[in-house]
Structures are given as structure tokens and as C-alpha cells.
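Encoded as C-alpha cells, the structure appears first; notes follow it.
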Number of protein chains: 2
Amino acid sequence: MASPEFLSLEQSLEENLPPADLSNVRRILFGRETRKLDLPPSALVAASQRDFELLAFAFEASKEQLRPARPVRVGLVQNRIRLPPDAPVSEQVGALHGRIVEILEVAAQCGVNIVCFQEAWTMPFAFCTREKLPWTEFAESAEDGPTTRLCQKLAKTHNMVVVSPILERDEAHGDVLWNTAVVISNSGAVLGKTRKNHIPRVGDFNEATYYMESTLGHPVFQTSFGRIAVNICYGRHHPLNWLMYSLNGAEIIFNPSATIGELSEALWPIEARNAAIANHCFTCAINRVGVEHFPREFTSGDGKPGRYAGAACVPGIGWASAGLGEGQALWEQEGERVLPQGCLGRSREPPPVPALARTSPMRCPGLLWVSEAHCDFGYFYGSSYVSAPDGRRTPGLSRTRDGLLVAQLDLNLCRQMGDLWNFKMTGRYAMYAEELAKASQPDYRPHVIKE
Amino acid sequence: MASPEFLSLEQSLEENLPPADLSNVRRILFGRETRKLDLPPSALVAASQRDFELLAFAFEASKEQLRPARPVRVGLVQNRIRLPPDAPVSEQVGALHGRIVEILEVAAQCGVNIVCFQEAWTMPFAFCTREKLPWTEFAESAEDGPTTRLCQKLAKTHNMVVVSPILERDEAHGDVLWNTAVVISNSGAVLGKTRKNHIPRVGDFNEATYYMESTLGHPVFQTSFGRIAVNICYGRHHPLNWLMYSLNGAEIIFNPSATIGELSEALWPIEARNAAIANHCFTCAINRVGVEHFPREFTSGDGKPGRYAGAACVPGIGWASAGLGEGQALWEQEGERVLPQGCLGRSREPPPVPALARTSPMRCPGLLWVSEAHCDFGYFYGSSYVSAPDGRRTPGLSRTRDGLLVAQLDLNLCRQMGDLWNFKMTGRYAMYAEELAKASQPDYRPHVIKE
């Protein structure tokens, strides 16, 4: 079960393994130890007051004679939505804007030079619903929408490059939608935009209903602090996508994402890290947190029956609930609580009596059986992390809380690892260009040897 | 320290984590639980008698209406060399042949259909030395060398496809050498051969001194049990290499390797597993075990000083040693022991007194300082494993022992995962063929956006 209550893998290892084992396990899992970075106490206090996790690490490189070290501090922000998806659109956006403003104040105290938010950060990840209104109202102009204007102001104030992944409304091209990341220079100018190159068609990721694959190629942005690129979400499953950003010179590739437990959690530590290794660059994987409850039911296309829950109203005690699936609000507390009606409907047939109802000492005068499989996307498990070109990685932010991960990267490590491992030199790209061109032809016959 | 004495990551987690945490940690690290496979007790007894580890797991797929399940059992063999590298060539090869014969008898009892050995399995991994004789004498004809003939016999006897990675002497093309995998059908016929596509130039991997990149492309072999390909060692760092085997239809890609602790152990769990995910196929990563001591010193090109050891001859007690690096035989025991002269030379300057010499209650009447950094390649850490297209993986074989890993794979899972995740459909290969062709041109200008 990809349940939210398991806080973090790293913490479990730290608490349970004997020191000698911990050091070996860490080495095998995460590579050579990454140094913890000291932060100003005021930043730690502010993060605590504002209820988000704050972690910081540093990746060093070897000293060179001709190039000074090139330390740059990146900030990865992961967060929950602030208001439920059925709140007015403008209030939802405003609440998320406010949250980012307060997190960025702390990022600035931590000396962050480049910050990146999660995919479609101004909205709930509503593409699962396949409904258009009100969700398409979250789309904005990349050049001068309210979110870009806010980010410009923040960039200038904090002397910080801001990578702002939004749902874009492209008025210059027939009002179409794109999944876009706007890159804003620390000067406050919009440096440019880049778009999602690969669009998922899997489970509830019904994004192909909303927007198409990018036609902008693989741009890399030369910022004051280093060359960066943005590989949005599902693009992380495509090694060629990472490769082209890297061939265009990216030293840091951000991967703003929105992905859920059962589907991808075992893939999450693998893909962005593999990309850092394979491309001699840093990668920054960012995922949102929590469950987002939508007002109307939808289907997941996975053939599974709805998840059933027993909710018993016990006079004088309140609601007791049992058997709810992962991340459901109802499960999180017992007490006087009104079930959100849109999300919970009566099931067509009675399910097996769930465990709590069977074992609970409370009387159950009336069980209300509900099916609510279809009003949330699943549990977004956070776990944002940074990988280095030498295979090291930071621990992840938690699976459950808003967080800011600060990582100081010496960008000299990219070329140093390239010179050590030589993947670009030994990559034989011309051969692969030919092979891929052939393999893309309609009459391609795979190279198969038979007896 | 990538030391040999840490047996396995999986075992440490199993022994130390509380059950609830273990289940969450395993889920995040390894994906959904992989079923253990029951083996005949006679096989377990034989493996124990022959002193190798035997593990077995099964990956199931969903039932389909039109295709029956396609279970195939693969066997991954990891092993130490049997005789020291300064033993006569023919004896070394003979000893390894004998070892494989006895391991394959057990594999046959376990119902293995396709077996793969480690890279250059008939020899020590001597390319670190950059010497030619006697190492090039291990090279054989892929078509009718003694190793191929042995494998043909074994394949026919056991009705098993054999993947045999050897150093190939190509007499038809000017006696050149290749790093080759010979694929032998369960009929006993040589189905064909495939060669290493990417040759490392890193650390002591001086293989570019011995052989060149394959010109055979990315062949896939249609066997009686499924379509297989072989991505040899360093090729696993190149995502395009995996991709082309997959585009040619490989359902299982073997990755016979020889790789060492400090360099690659943190990358090992990432790369083959990422390839299984990205390409909707099974991948089988195989690494050799142990330290191989060569008779003459060589350099590592890493600028590090030699590792120093204090060895004290204490009359009546024997040799006491301290400060030796990882995997060194001397460290493993104290007692009457002659230092192998070729491997141990006096250091030029005295190193700091190592810990044991300082704390040992034994008198140290005379310390012999030795430097032996340059007569071994490092510790080959085994840890062979299988990854599935849904991101699951088996535990690894141990870091220290010979082993046979049996995995039953339902090959239907490949297409099922392709249909779920759609990476091939969303891969945009024609676009990448163009972009790579451009990026391979001498006058390519990276796509960089500046303010």
C-alpha cells in the first residue's frame, strides 16, 4: 500500500540499522555520503513556523587549476494544494501564490540561486477528471499571466532564477493549452519557456485530453548561475529526452512532476538518478504531496472495483470509519465529520465487512457503505531529491509534508564526471541517429537472428 | 569502503528493520514483492555442497485471453576465478569450465531455460594490466573455440540456451580481438554472436587497449524460450544501447559485467533497472565476485598514492598485518604466510603507522612496509539481479560468494507494461533521430537560450 503514513525511507534506515550496516546500505543505495549544509537558524525557525520541511546538502567537486569552483544553490519546492479543488479558482491560485511567497522568503535566506516548483503548481492536478471547466481556467499566459508576473517580482526581489511550471494558455496559437515551464531570470525578465515533450496515456493521467507534445525541442537556458533545462514529469521515463537536454549543455535538469504511489513510487528513485549518471549532470526530481479530492467521481481505467468504506454514526461518539483506501480524508480522523457528498456514494452491492467494523468495541447501529474510488487521483508521495553526476543523491524530502530541499551543487562536477566516465565520447550518437531513423520507418524490420 | 565483508543490502534490511517498515522500504526500493520460487531440495543440497548461493524468484503477469502465460526460467551465474592469474592459462580455463559444468547441473535441476555467465567468464579480468601475454591467450574463436564447444555440449545436454561472454579471437578478420557474447541454442547450435558496443576508458578498465566497439549493431536472438539480447558491461551506462535492443524486440536483455566497488556500486542497482522500466523488458545484470591479484604491478590513473600495509613478522606468532586495503588476501588471515613477491614492494616513504600496529599488544620487532595498490583491480561485488518491466526487481545475489540466481519471468509482462506505460508509443523516435543526427555534426550549435 502506497500509504501516506510512512514518513520516509531514509528516516527508517537511520533509526533502525546498526551504524556499520547503515554506512554500507547508504553507500550502496545513495553513493558516497553527501555533506549536510548549514543553514541560518532564522531560516530553520521560519520553515518550522510555516510548517514545511527544510533540508540542505552540498555536493563538492575536485579542485581545478583553471576554473574556480562553481557552487550554485538550487531549491526544490514540494507542496500540497491549499484549498480544496471545489473552492473558487481565483482563491485556490491565490492561496498557492501565498504559500510560494512564504517558502521563497526562506529559500532566499538559504541563499538559493535557482528555484523550481512542482508541475502545474498553481492548481490541483485535475487532468484525471477529464472535465474541462473549471480546470482549464487555471491556464495562464506564460509571458504575462498573473503567475509569471508574481514570479518575476519574486525573482527580482530575491535575485533568484525561478522555474515556474504552469498550465499555459497559448493565445497566439488559437488558445491552445500546453504543459509549460516558464524560466524567469534573476533579473526578473522572462528568459523563455519550455514544454512537456512526452504526454502520458496511463491510468488517470488523462493529460492527452488537455494538451499535446511540445514542439519547442530541447532548449537549455543560460542563467547567471549555470545552464539549466526542464524535463517535465512523464518525460523522465524517456532517456532520450534527458540526453538531448544534456547534449544541449544542461548542467542541471529539473523534473517537476505529479505522480502517485502505486503507479510509480518504486520507479521514482531510479529514473532521475539514472539520468544524472548517464548524462554527467545534476537532476532535480520534484513531486507534489497529498491527496486531492475532486467534487465528481471519475474512473481509473484499471478495471478495479471501487474501494469500499464502512462509516458508522455512533450516537454520542461520532463517525467511525473503516476500510477506506490510501490517503482518504475520512480515514485520517474520527469524530464529528460530514462526509463530502460528491465523493461518497452508496455502493451497488455490500462489500465484505471491513476489519475495524468487525473488531471495534463500538456499537455500529448503522453502517453506511460508500464507494469513493473515483474522486481522487491517489497519494502524491513527495520524496523530492537531487542526484549528482557521480551517482550520489540527497535523501528525499518527506512523503507527507510540504518541503524545501536546498542543494549546493559544484557544477564543475559535471565536466569532471564526463572526463572520468566518457559516456558522451563513447556514445556513438551518429550510429544511433541512423538506427533510430531506420527504426522509425513504417517498413522497419527488427534485427532478429533465428536458428 | 567498498569492502567485501558486507554480505548484502537485502539481508541487512531483513535482519534490522521492523516488519511494517521493512514492507514499506522494500516497496519503495524494490517495487511490489516478488514471489519466491520453490526449488527441488536436491538442487539446494547440491548448491550447498558445491559452495554457491542459490536463489529463485518468479515474476507473474496478468492472464490474457489469447496468449497463454509464457514463463521462462533464466539463470544468472556469478563467480570468482578458480586459480590465481599466474597459473597456466589452460589450467585456469579448465578450472572455470569445471566450475560452470557443476553450476549448470544445478541450473538444469532448477528448470533453467536460458543461462548467462559473467563477462569474459573464462579468464581473470586482466585488461587492467595493459599487458598482452599471457592474457590474449584466453581469446578463442566464437564459432568453434573450446569454450563454445563446451557450451554447445551443455546446451544440448540440458536443453538450455547458453549465453557465453568470452574474449573472441576473430581469425577471419586479421586475428583481431573482440569482447563477444556467443549465443548457443538449446539445440546445441551456435545461434550467433553479439559484441560489446561501448568500450570503457575509465580507471583501470583499459579495455580499449585490447578491442574495439562492435560493428554488429543490436541483434536480438529468437530462441525457443523468448527473444533475448546481450548488452555487455559498460553498455549498460548507455540508455540508447538498451533502447535499440528493445526496439529490435528483445524481451530479456542480459548485462554480463565485471565491475568494482568504489567506482560503480552505487550505480549498479540503478542502470539495468532503469533500462527494464524504460524499455518494457526484463534485464539481468551479472557481475563477477572477488579480488584478482595479478603478478605485476600496474597503475590506476587516479592519482592516488599506493595503499600501505604494515606486515610484522612476530617470531613464534607469524605475520600480523595492518592497514591493507579492501579485498586483500593478507588482511584476511594472520599466520604463517608468504607474501606474494610480485604484488608487494617496499614503499618509497614510510606511511603513518596504521591502527593495528599502534594498538596491537603484539611486539613488532620489524615492520615491513609494502605498497600493493597496483596489483589488483579492486573488489568485484557480485550482487547480480533481475529487473522486471514493471520496475520490480529480485534481491541481489551476495557481494561475496559464487551464485546462481534463478528467475521465472512471464514474458507476457513486457507487452502488458508497454500497453500500460506506452513509452514506445510516446517515444518520438523520429524526432530524436533528427536531433541526434544534427547533434553529431561537427558544426552543431547547442540549443541555448540566453537573456
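Convention: chains lettered A, B, ... in C-alpha cells order; per-chain residue numbering from 1; ligands numbered from 1 as shown.
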
Where in stretch 126-297 of chain A does DSSP assign alpha helix (DSSP H), given as an mmCIF file with C-alpha atoms, in the first residue's frame?
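What follows is the written file out_12.cif:
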data_model
loop_
_atom_site.group_PDB
_atom_site.id
_atom_site.type_symbol
_atom_site.label_atom_id
_atom_site.label_comp_id
_atom_site.auth_asym_id
_atom_site.auth_seq_id
_atom_site.Cartn_x
_atom_site.Cartn_y
_atom_site.Cartn_z
ATOM 1 C CA PRO A 146 -0.567 36.600 -13.081
ATOM 2 C CA THR A 147 1.655 33.710 -12.032
ATOM 3 C CA THR A 148 4.501 34.751 -14.312
ATOM 4 C CA ARG A 149 4.149 38.337 -13.062
ATOM 5 C CA LEU A 150 4.358 37.123 -9.464
ATOM 6 C CA CYS A 151 7.426 35.020 -10.265
ATOM 7 C CA GLN A 152 9.126 37.953 -11.997
ATOM 8 C CA LYS A 153 8.661 40.021 -8.889
ATOM 9 C CA LEU A 154 9.969 37.234 -6.664
ATOM 10 C CA ALA A 155 12.931 36.598 -8.968
ATOM 11 C CA LYS A 156 13.990 40.214 -8.875
ATOM 12 C CA THR A 157 13.409 40.643 -5.145
ATOM 13 C CA HIS A 158 15.400 37.545 -4.237
ATOM 14 C CA PRO A 239 16.090 8.519 -21.583
ATOM 15 C CA LEU A 240 16.397 10.312 -24.934
ATOM 16 C CA ASN A 241 14.653 13.356 -23.523
ATOM 17 C CA TRP A 242 17.257 13.725 -20.782
ATOM 18 C CA LEU A 243 20.018 13.045 -23.315
ATOM 19 C CA MET A 244 19.023 15.853 -25.670
ATOM 20 C CA TYR A 245 18.887 18.391 -22.860
ATOM 21 C CA SER A 246 22.312 17.216 -21.852
ATOM 22 C CA LEU A 247 23.702 17.368 -25.401
ATOM 23 C CA GLY A 261 2.179 5.912 -5.101
ATOM 24 C CA GLU A 262 1.010 2.655 -6.518
ATOM 25 C CA LEU A 263 1.939 3.547 -10.030
ATOM 26 C CA SER A 264 5.400 4.963 -9.798
ATOM 27 C CA TRP A 268 10.903 7.344 -8.606
ATOM 28 C CA PRO A 269 14.368 6.800 -7.063
ATOM 29 C CA ILE A 270 15.603 5.199 -10.284
ATOM 30 C CA GLU A 271 14.845 7.335 -13.295
ATOM 31 C CA ALA A 272 16.070 10.837 -12.479
ATOM 32 C CA ARG A 273 19.117 9.347 -10.810
ATOM 33 C CA ASN A 274 19.904 7.208 -13.814
ATOM 34 C CA ALA A 275 19.632 10.345 -15.946
ATOM 35 C CA ALA A 276 22.169 12.178 -13.780
ATOM 36 C CA ILE A 277 24.598 9.290 -14.135
ATOM 37 C CA ALA A 278 24.054 8.708 -17.850
ATOM 38 C CA ASN A 279 24.320 12.398 -18.764
#

In stretch 70-192 of chain B, DSSP strand (DSSP E or B) residues written as number ranges by chain
B: 71-78, 114-116, 140, 161-170, 176-184, 190-192

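The residue that comes closest to chain A, out of B:Gly290, B:Pro68, B:Gly226, B:Gly192 and on the basis of only C-alpha atoms, is B:Gly192.
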
Non-local contacts of B:Ile199 (12 Å; only C-alpha atoms; under 2 positions in same chain excluded) as a PyMOL selection string
(chain A and resi 421-423+425-428) or (chain B and resi 127+178-180+195-197+201-202+205-214+231-238)

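Taking atom CA of A:Pro395 and atom CA of B:Thr259 as the two end points, the separation is 25.4 Å.
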
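You can rank B:Ala285, B:Ala388, B:Leu409, B:Leu55 by their closest distance to chain A using only C-alpha atoms, and at the top of that list sits B:Ala388.
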
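Among the candidate residues A:Val176, A:Leu66, A:Leu167, A:Val161, the one lying nearest to chain B is A:Val161, with distances computed using only C-alpha atoms.
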
Between B:Val101, B:Leu405, B:Ala258, B:Leu22, which has the minimum distance to chain A (counting only C-alpha atoms)?
B:Leu22
